[in-house]
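Undergrad: Coordinates in target_34.pdb, PDB, C-alpha atoms, are listed below.
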MODEL        1
ATOM      1  CA  MET A  13      36.753  -9.949 -35.730  1.00  0.00           C
ATOM      2  CA  LYS A  14      34.432 -12.882 -36.266  1.00  0.00           C
ATOM      3  CA  THR A  15      35.171 -12.809 -39.992  1.00  0.00           C
ATOM      4  CA  ARG A  16      38.913 -12.930 -39.301  1.00  0.00           C
ATOM      5  CA  SER A  17      38.551 -15.893 -36.930  1.00  0.00           C
ATOM      6  CA  LEU A  18      36.443 -17.676 -39.515  1.00  0.00           C
ATOM      7  CA  TRP A  19      39.134 -16.989 -42.104  1.00  0.00           C
ATOM      8  CA  VAL A  20      41.817 -18.495 -39.823  1.00  0.00           C
ATOM      9  CA  LEU A  21      39.701 -21.600 -39.247  1.00  0.00           C
ATOM     10  CA  CYS A  22      39.077 -21.919 -42.988  1.00  0.00           C
ATOM     11  CA  CYS A  23      42.822 -21.655 -43.735  1.00  0.00           C
ATOM     12  CA  LEU A  24      43.661 -24.326 -41.164  1.00  0.00           C
ATOM     13  CA  ALA A  25      40.872 -26.556 -42.482  1.00  0.00           C
ATOM     14  CA  PHE A  26      42.076 -26.009 -46.058  1.00  0.00           C
ATOM     15  CA  CYS A  27      45.617 -27.066 -45.145  1.00  0.00           C
ATOM     16  CA  LEU A  28      44.382 -30.167 -43.367  1.00  0.00           C
ATOM     17  CA  THR A  29      42.099 -31.034 -46.280  1.00  0.00           C
ATOM     18  CA  ALA A  30      44.797 -30.438 -48.903  1.00  0.00           C
ATOM     19  CA  CYS A  31      47.142 -32.840 -47.164  1.00  0.00           C
ATOM     20  CA  ARG A  32      44.360 -35.393 -46.660  1.00  0.00           C
ATOM     21  CA  GLN A  33      43.628 -35.322 -50.415  1.00  0.00           C
ATOM     22  CA  GLN A  34      47.234 -36.308 -51.038  1.00  0.00           C
ATOM     23  CA  VAL A  35      46.922 -39.293 -48.691  1.00  0.00           C
ATOM     24  CA  ALA A  36      44.871 -41.106 -51.323  1.00  0.00           C
ATOM     25  CA  LYS A  37      48.032 -41.237 -53.451  1.00  0.00           C
ATOM     26  CA  ALA A  38      50.138 -42.500 -50.541  1.00  0.00           C
ATOM     27  CA  TYR A  39      52.149 -45.661 -50.383  1.00  0.00           C
ATOM     28  CA  MET A  40      50.375 -48.913 -51.149  1.00  0.00           C
ATOM     29  CA  THR A  41      52.097 -50.896 -48.393  1.00  0.00           C
ATOM     30  CA  GLU A  42      52.713 -50.257 -44.717  1.00  0.00           C
ATOM     31  CA  LEU A  43      55.898 -48.282 -44.217  1.00  0.00           C
ATOM     32  CA  ASP A  44      57.878 -47.809 -41.097  1.00  0.00           C
ATOM     33  CA  SER A  45      60.317 -45.015 -40.351  1.00  0.00           C
ATOM     34  CA  ASP A  46      63.195 -47.015 -41.880  1.00  0.00           C
ATOM     35  CA  ASP A  47      61.514 -47.312 -45.268  1.00  0.00           C
ATOM     36  CA  SER A  48      61.233 -45.015 -48.281  1.00  0.00           C
ATOM     37  CA  LEU A  49      60.270 -41.758 -46.523  1.00  0.00           C
ATOM     38  CA  SER A  50      63.464 -41.875 -44.446  1.00  0.00           C
ATOM     39  CA  ILE A  51      65.458 -42.634 -47.600  1.00  0.00           C
ATOM     40  CA  ILE A  52      63.834 -39.791 -49.549  1.00  0.00           C
ATOM     41  CA  MET A  53      64.406 -37.353 -46.692  1.00  0.00           C
ATOM     42  CA  GLY A  54      68.013 -38.503 -46.324  1.00  0.00           C
ATOM     43  CA  GLU A  55      68.684 -37.881 -50.011  1.00  0.00           C
ATOM     44  CA  SER A  56      66.991 -34.476 -50.105  1.00  0.00           C
ATOM     45  CA  GLN A  57      68.735 -31.151 -49.767  1.00  0.00           C
ATOM     46  CA  MET A  58      67.486 -28.052 -48.023  1.00  0.00           C
ATOM     47  CA  VAL A  59      66.061 -25.402 -50.352  1.00  0.00           C
ATOM     48  CA  SER A  60      65.879 -21.723 -49.455  1.00  0.00           C
ATOM     49  CA  TYR A  61      62.821 -19.862 -50.676  1.00  0.00           C
ATOM     50  CA  HIS A  62      61.741 -16.269 -50.108  1.00  0.00           C
ATOM     51  CA  SER A  63      58.006 -15.740 -50.117  1.00  0.00           C
ATOM     52  CA  ASP A  64      57.257 -12.224 -51.326  1.00  0.00           C
ATOM     53  CA  ARG A  65      53.586 -12.595 -50.469  1.00  0.00           C
ATOM     54  CA  LEU A  66      54.304 -13.627 -46.859  1.00  0.00           C
ATOM     55  CA  GLY A  67      57.435 -11.527 -46.433  1.00  0.00           C
ATOM     56  CA  ILE A  68      59.419 -14.403 -44.895  1.00  0.00           C
ATOM     57  CA  ASP A  69      62.262 -16.748 -45.781  1.00  0.00           C
ATOM     58  CA  ILE A  70      61.450 -20.446 -45.806  1.00  0.00           C
ATOM     59  CA  THR A  71      63.812 -23.408 -45.798  1.00  0.00           C
ATOM     60  CA  TYR A  72      62.344 -26.783 -46.725  1.00  0.00           C
ATOM     61  CA  PRO A  73      63.640 -30.191 -47.899  1.00  0.00           C
ATOM     62  CA  SER A  74      63.783 -30.658 -51.673  1.00  0.00           C
ATOM     63  CA  PHE A  75      61.542 -33.742 -51.670  1.00  0.00           C
ATOM     64  CA  LEU A  76      58.582 -31.482 -50.821  1.00  0.00           C
ATOM     65  CA  ARG A  77      57.013 -29.665 -53.771  1.00  0.00           C
ATOM     66  CA  HIS A  78      55.776 -26.097 -53.611  1.00  0.00           C
ATOM     67  CA  GLN A  79      52.022 -25.946 -54.136  1.00  0.00           C
ATOM     68  CA  TYR A  80      50.965 -22.805 -55.980  1.00  0.00           C
ATOM     69  CA  LEU A  81      47.840 -21.555 -54.244  1.00  0.00           C
ATOM     70  CA  GLU A  82      45.820 -18.450 -54.858  1.00  0.00           C
ATOM     71  CA  GLU A  83      45.631 -17.887 -51.097  1.00  0.00           C
ATOM     72  CA  GLU A  84      47.736 -14.787 -50.447  1.00  0.00           C
ATOM     73  CA  GLN A  85      48.659 -15.518 -46.841  1.00  0.00           C
ATOM     74  CA  MET A  86      49.817 -19.124 -47.168  1.00  0.00           C
ATOM     75  CA  GLU A  87      52.609 -21.203 -48.711  1.00  0.00           C
ATOM     76  CA  VAL A  88      52.367 -25.014 -48.772  1.00  0.00           C
ATOM     77  CA  PHE A  89      55.098 -27.553 -49.546  1.00  0.00           C
ATOM     78  CA  MET A  90      54.009 -31.204 -49.767  1.00  0.00           C
ATOM     79  CA  ASP A  91      54.630 -34.678 -51.056  1.00  0.00           C
ATOM     80  CA  GLU A  92      52.275 -37.622 -50.613  1.00  0.00           C
ATOM     81  CA  ASP A  93      51.294 -37.651 -46.939  1.00  0.00           C
ATOM     82  CA  VAL A  94      53.695 -35.002 -45.561  1.00  0.00           C
ATOM     83  CA  SER A  95      53.239 -31.236 -45.806  1.00  0.00           C
ATOM     84  CA  LEU A  96      54.682 -28.012 -44.425  1.00  0.00           C
ATOM     85  CA  SER A  97      52.393 -24.967 -44.367  1.00  0.00           C
ATOM     86  CA  PHE A  98      53.430 -21.384 -43.629  1.00  0.00           C
ATOM     87  CA  MET A  99      50.834 -18.693 -42.863  1.00  0.00           C
ATOM     88  CA  VAL A 100      51.126 -15.045 -41.871  1.00  0.00           C
ATOM     89  CA  GLU A 101      48.449 -12.951 -40.183  1.00  0.00           C
ATOM     90  CA  HIS A 102      48.992  -9.330 -39.202  1.00  0.00           C
ATOM     91  CA  VAL A 103      48.177  -8.280 -35.660  1.00  0.00           C
ATOM     92  CA  ASP A 104      46.462  -5.108 -36.853  1.00  0.00           C
ATOM     93  CA  ASP A 105      43.868  -7.244 -38.679  1.00  0.00           C
ATOM     94  CA  ASN A 106      41.790  -7.238 -35.449  1.00  0.00           C
ATOM     95  CA  LEU A 107      42.151 -10.940 -34.716  1.00  0.00           C
ATOM     96  CA  SER A 108      39.806 -12.151 -31.988  1.00  0.00           C
ATOM     97  CA  ARG A 109      42.096 -15.116 -31.244  1.00  0.00           C
ATOM     98  CA  SER A 110      45.701 -15.935 -32.053  1.00  0.00           C
ATOM     99  CA  PRO A 111      46.403 -18.885 -34.370  1.00  0.00           C
ATOM    100  CA  GLY A 112      47.661 -20.808 -31.327  1.00  0.00           C
ATOM    101  CA  GLN A 113      44.368 -20.256 -29.531  1.00  0.00           C
ATOM    102  CA  THR A 114      42.545 -21.346 -32.678  1.00  0.00           C
ATOM    103  CA  MET A 115      44.576 -24.577 -32.846  1.00  0.00           C
ATOM    104  CA  MET A 116      43.888 -25.288 -29.183  1.00  0.00           C
ATOM    105  CA  GLY A 117      40.191 -24.689 -29.848  1.00  0.00           C
ATOM    106  CA  MET A 118      40.442 -27.392 -32.519  1.00  0.00           C
ATOM    107  CA  GLY A 119      41.837 -29.835 -29.951  1.00  0.00           C
ATOM    108  CA  ALA A 120      45.597 -29.251 -30.207  1.00  0.00           C
ATOM    109  CA  GLU A 121      47.797 -29.769 -27.179  1.00  0.00           C
ATOM    110  CA  LEU A 122      50.252 -27.076 -26.081  1.00  0.00           C
ATOM    111  CA  VAL A 123      53.731 -28.645 -26.059  1.00  0.00           C
ATOM    112  CA  ASP A 124      55.932 -25.625 -25.337  1.00  0.00           C
ATOM    113  CA  ALA A 125      55.618 -21.871 -25.047  1.00  0.00           C
ATOM    114  CA  GLY A 126      57.962 -18.919 -24.753  1.00  0.00           C
ATOM    115  CA  ASN A 127      57.586 -15.159 -24.746  1.00  0.00           C
ATOM    116  CA  ASP A 128      57.059 -14.991 -28.499  1.00  0.00           C
ATOM    117  CA  TYR A 129      56.094 -18.512 -29.606  1.00  0.00           C
ATOM    118  CA  SER A 130      53.988 -21.567 -28.860  1.00  0.00           C
ATOM    119  CA  ILE A 131      54.276 -25.121 -30.144  1.00  0.00           C
ATOM    120  CA  HIS A 132      51.229 -27.353 -30.566  1.00  0.00           C
ATOM    121  CA  THR A 133      50.559 -30.932 -31.530  1.00  0.00           C
ATOM    122  CA  GLY A 134      47.362 -32.699 -32.424  1.00  0.00           C
ATOM    123  CA  GLN A 135      45.515 -35.010 -34.717  1.00  0.00           C
ATOM    124  CA  ASP A 136      42.928 -34.350 -37.395  1.00  0.00           C
ATOM    125  CA  GLY A 137      41.360 -37.486 -38.774  1.00  0.00           C
ATOM    126  CA  ASP A 138      44.149 -39.766 -39.959  1.00  0.00           C
ATOM    127  CA  LEU A 139      46.857 -37.084 -39.865  1.00  0.00           C
ATOM    128  CA  GLU A 140      48.983 -35.769 -37.029  1.00  0.00           C
ATOM    129  CA  TYR A 141      50.235 -32.217 -36.970  1.00  0.00           C
ATOM    130  CA  TYR A 142      52.979 -30.303 -35.220  1.00  0.00           C
ATOM    131  CA  GLY A 143      52.843 -26.524 -35.371  1.00  0.00           C
ATOM    132  CA  LYS A 144      54.650 -23.441 -34.186  1.00  0.00           C
ATOM    133  CA  VAL A 145      53.081 -19.997 -33.859  1.00  0.00           C
ATOM    134  CA  ILE A 146      55.456 -17.048 -33.654  1.00  0.00           C
ATOM    135  CA  ASP A 147      54.288 -13.639 -32.435  1.00  0.00           C
ATOM    136  CA  ASP A 148      56.764 -10.967 -33.547  1.00  0.00           C
ATOM    137  CA  SER A 149      54.401  -8.234 -32.251  1.00  0.00           C
ATOM    138  CA  LEU A 150      53.494  -7.186 -35.826  1.00  0.00           C
ATOM    139  CA  ARG A 151      52.239 -10.509 -37.141  1.00  0.00           C
ATOM    140  CA  PHE A 152      51.627 -14.155 -36.317  1.00  0.00           C
ATOM    141  CA  ILE A 153      53.674 -16.624 -38.340  1.00  0.00           C
ATOM    142  CA  THR A 154      52.312 -20.167 -38.228  1.00  0.00           C
ATOM    143  CA  VAL A 155      54.277 -23.192 -39.438  1.00  0.00           C
ATOM    144  CA  ILE A 156      52.458 -26.534 -39.479  1.00  0.00           C
ATOM    145  CA  LEU A 157      53.857 -29.968 -40.301  1.00  0.00           C
ATOM    146  CA  ARG A 158      51.232 -32.584 -41.184  1.00  0.00           C
ATOM    147  CA  TYR A 159      52.039 -36.247 -41.624  1.00  0.00           C
ATOM    148  CA  ASP A 160      50.712 -39.774 -41.499  1.00  0.00           C
ATOM    149  CA  PRO A 161      51.395 -41.171 -37.991  1.00  0.00           C
ATOM    150  CA  ARG A 162      53.247 -44.160 -39.447  1.00  0.00           C
ATOM    151  CA  HIS A 163      56.014 -41.702 -40.382  1.00  0.00           C
ATOM    152  CA  ALA A 164      56.351 -40.206 -36.883  1.00  0.00           C
ATOM    153  CA  LEU A 165      60.007 -41.220 -36.509  1.00  0.00           C
ATOM    154  CA  ALA A 166      60.906 -40.376 -40.102  1.00  0.00           C
ATOM    155  CA  VAL A 167      59.603 -36.791 -39.835  1.00  0.00           C
ATOM    156  CA  GLU A 168      61.512 -35.972 -36.640  1.00  0.00           C
ATOM    157  CA  SER A 169      63.943 -33.800 -38.637  1.00  0.00           C
ATOM    158  CA  LEU A 170      60.947 -31.866 -40.007  1.00  0.00           C
ATOM    159  CA  ARG A 171      59.565 -31.460 -36.485  1.00  0.00           C
ATOM    160  CA  GLN A 172      62.957 -30.016 -35.533  1.00  0.00           C
ATOM    161  CA  LEU A 173      62.786 -27.654 -38.530  1.00  0.00           C
ATOM    162  CA  VAL A 174      59.378 -26.413 -37.288  1.00  0.00           C
ATOM    163  CA  ARG A 175      60.605 -26.170 -33.679  1.00  0.00           C
ATOM    164  CA  GLU A 176      63.653 -24.129 -34.687  1.00  0.00           C
ATOM    165  CA  TYR A 177      61.967 -21.984 -37.344  1.00  0.00           C
ATOM    166  CA  CYS A 178      62.653 -18.287 -36.826  1.00  0.00           C
ATOM    167  CA  PRO A 179      61.815 -15.740 -39.523  1.00  0.00           C
TER     168      PRO A 179
ENDMDL
END
Show the structure stored in the file as structure tokens.
TA:
Amino acid sequence: MKTRSLWVLCCLAFCLTACRQQVAKAYMTELDSDDSLSIIMGESQMVSYHSDRLGIDITYPSFLRHQYLEEEQMEVFMDEDVSLSFMVEHVDDNLSRSPGQTMMGMGAELVDAGNDYSIHTGQDGDLEYYGKVIDDSLRFITVILRYDPRHALAVESLRQLVREYCP
């Protein structure tokens, strides 16, 4: 159980770190929500992707690029200082805490909860995140949007995508 919880924390830390590494390549000037990120998002199309390794269908905007990771239980789509991460953990893996509990232990705030989901928001260093954890009784599916706070208005459509995600 402790090993599994450590693995979950490592995955979340990896995702946060991966996005933070991309921030170094971010825009050179201050952007607001009406600048290039909004334009890029407005010009992008939604792409459907089936992840065989996670066993789920994922829809993401075409401006995000799929990152090919060796991690078997994670898919990451990112560009500059915005990323979408999808993770799957099986309930029978003897988890000591759910991914939602793990996020709250890392300082996330619970925004909404239903019978089979919870939505969290928080900040890690210079990045904000917005995540949804779905419990379908067989597995936990976690979707996390990470972004630079200066793009908070521009990423609202991505927050909606996370909010409405249903496998």
Undergrad: Using only C-alpha atoms, collect all residues at a distance of at most 12 Å from (43.9, -36.4, -34.5) as written in the file, then present them as a compact mmCIF listing (two decimals) with C-alpha atoms, keeping the file's coordinate frame.
TA:
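Output below, filename result-v9.txt:
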# COMPACT_ATOMS: atom_id res chain seq x y z
CA LEU A 28 44.38 -30.17 -43.37
CA MET A 115 44.58 -24.58 -32.85
CA MET A 118 40.44 -27.39 -32.52
CA GLY A 119 41.84 -29.84 -29.95
CA ALA A 120 45.60 -29.25 -30.21
CA GLU A 121 47.80 -29.77 -27.18
CA THR A 133 50.56 -30.93 -31.53
CA GLY A 134 47.36 -32.70 -32.42
CA GLN A 135 45.52 -35.01 -34.72
CA ASP A 136 42.93 -34.35 -37.40
CA GLY A 137 41.36 -37.49 -38.77
CA ASP A 138 44.15 -39.77 -39.96
CA LEU A 139 46.86 -37.08 -39.86
CA GLU A 140 48.98 -35.77 -37.03
CA TYR A 141 50.24 -32.22 -36.97
CA TYR A 142 52.98 -30.30 -35.22
CA ARG A 158 51.23 -32.58 -41.18
CA TYR A 159 52.04 -36.25 -41.62
CA ASP A 160 50.71 -39.77 -41.50
CA PRO A 161 51.40 -41.17 -37.99
Undergrad: Measure the distance from atom CA of A:Asp147 to atom CA of A:Gly112 in Å and round it to one decimal.
TA: 9.8 Å
Undergrad: In Å to one decimal, how far is atom CA of A:Phe152 from atom CA of A:Met53?
TA: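 Separation between atom CA of A:Met53 and atom CA of A:Phe152: 28.4 Å.
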Undergrad: Quick check, in Å to one decimal: how far apart do atom CA of A:Ile146 and atom CA of A:Leu173 lie?
TA: 13.8 Å
Undergrad: Could you tell me which residues the PyMOL selection byres ((chain A and resi 63-80) around 12) returns for this structure, as number ranges by chain?
TA: A: 27, 30-31, 34, 48-62, 81-102, 151-155, 157, 167, 169-174, 176-179
Undergrad: Mind dumping the selected residues with C-alpha atoms as a JSON list (two decimals), in the frame of the given file?
TA:
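The result, written out as selection.json:
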[["chain", "number", "residue", "atom", "x", "y", "z"],
["A", 27, "CYS", "CA", 45.62, -27.07, -45.14],
["A", 30, "ALA", "CA", 44.80, -30.44, -48.90],
["A", 31, "CYS", "CA", 47.14, -32.84, -47.16],
["A", 34, "GLN", "CA", 47.23, -36.31, -51.04],
["A", 48, "SER", "CA", 61.23, -45.02, -48.28],
["A", 49, "LEU", "CA", 60.27, -41.76, -46.52],
["A", 50, "SER", "CA", 63.46, -41.88, -44.45],
["A", 51, "ILE", "CA", 65.46, -42.63, -47.60],
["A", 52, "ILE", "CA", 63.83, -39.79, -49.55],
["A", 53, "MET", "CA", 64.41, -37.35, -46.69],
["A", 54, "GLY", "CA", 68.01, -38.50, -46.32],
["A", 55, "GLU", "CA", 68.68, -37.88, -50.01],
["A", 56, "SER", "CA", 66.99, -34.48, -50.10],
["A", 57, "GLN", "CA", 68.74, -31.15, -49.77],
["A", 58, "MET", "CA", 67.49, -28.05, -48.02],
["A", 59, "VAL", "CA", 66.06, -25.40, -50.35],
["A", 60, "SER", "CA", 65.88, -21.72, -49.46],
["A", 61, "TYR", "CA", 62.82, -19.86, -50.68],
["A", 62, "HIS", "CA", 61.74, -16.27, -50.11],
["A", 81, "LEU", "CA", 47.84, -21.56, -54.24],
["A", 82, "GLU", "CA", 45.82, -18.45, -54.86],
["A", 83, "GLU", "CA", 45.63, -17.89, -51.10],
["A", 84, "GLU", "CA", 47.74, -14.79, -50.45],
["A", 85, "GLN", "CA", 48.66, -15.52, -46.84],
["A", 86, "MET", "CA", 49.82, -19.12, -47.17],
["A", 87, "GLU", "CA", 52.61, -21.20, -48.71],
["A", 88, "VAL", "CA", 52.37, -25.01, -48.77],
["A", 89, "PHE", "CA", 55.10, -27.55, -49.55],
["A", 90, "MET", "CA", 54.01, -31.20, -49.77],
["A", 91, "ASP", "CA", 54.63, -34.68, -51.06],
["A", 92, "GLU", "CA", 52.28, -37.62, -50.61],
["A", 93, "ASP", "CA", 51.29, -37.65, -46.94],
["A", 94, "VAL", "CA", 53.70, -35.00, -45.56],
["A", 95, "SER", "CA", 53.24, -31.24, -45.81],
["A", 96, "LEU", "CA", 54.68, -28.01, -44.42],
["A", 97, "SER", "CA", 52.39, -24.97, -44.37],
["A", 98, "PHE", "CA", 53.43, -21.38, -43.63],
["A", 99, "MET", "CA", 50.83, -18.69, -42.86],
["A", 100, "VAL", "CA", 51.13, -15.04, -41.87],
["A", 101, "GLU", "CA", 48.45, -12.95, -40.18],
["A", 102, "HIS", "CA", 48.99, -9.33, -39.20],
["A", 151, "ARG", "CA", 52.24, -10.51, -37.14],
["A", 152, "PHE", "CA", 51.63, -14.16, -36.32],
["A", 153, "ILE", "CA", 53.67, -16.62, -38.34],
["A", 154, "THR", "CA", 52.31, -20.17, -38.23],
["A", 155, "VAL", "CA", 54.28, -23.19, -39.44],
["A", 157, "LEU", "CA", 53.86, -29.97, -40.30],
["A", 167, "VAL", "CA", 59.60, -36.79, -39.84],
["A", 169, "SER", "CA", 63.94, -33.80, -38.64],
["A", 170, "LEU", "CA", 60.95, -31.87, -40.01],
["A", 171, "ARG", "CA", 59.56, -31.46, -36.48],
["A", 172, "GLN", "CA", 62.96, -30.02, -35.53],
["A", 173, "LEU", "CA", 62.79, -27.65, -38.53],
["A", 174, "VAL", "CA", 59.38, -26.41, -37.29],
["A", 176, "GLU", "CA", 63.65, -24.13, -34.69],
["A", 177, "TYR", "CA", 61.97, -21.98, -37.34],
["A", 178, "CYS", "CA", 62.65, -18.29, -36.83],
["A", 179, "PRO", "CA", 61.82, -15.74, -39.52]]
Undergrad: Find, counting only C-alpha atoms, the residue in A:Gly143, A:Asp148, A:Arg109, A:Leu165 that gets nearest to A:Asp124.
TA: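 Between A:Gly143, A:Asp148, A:Arg109, A:Leu165, the residue approaching A:Asp124 most closely is A:Gly143.
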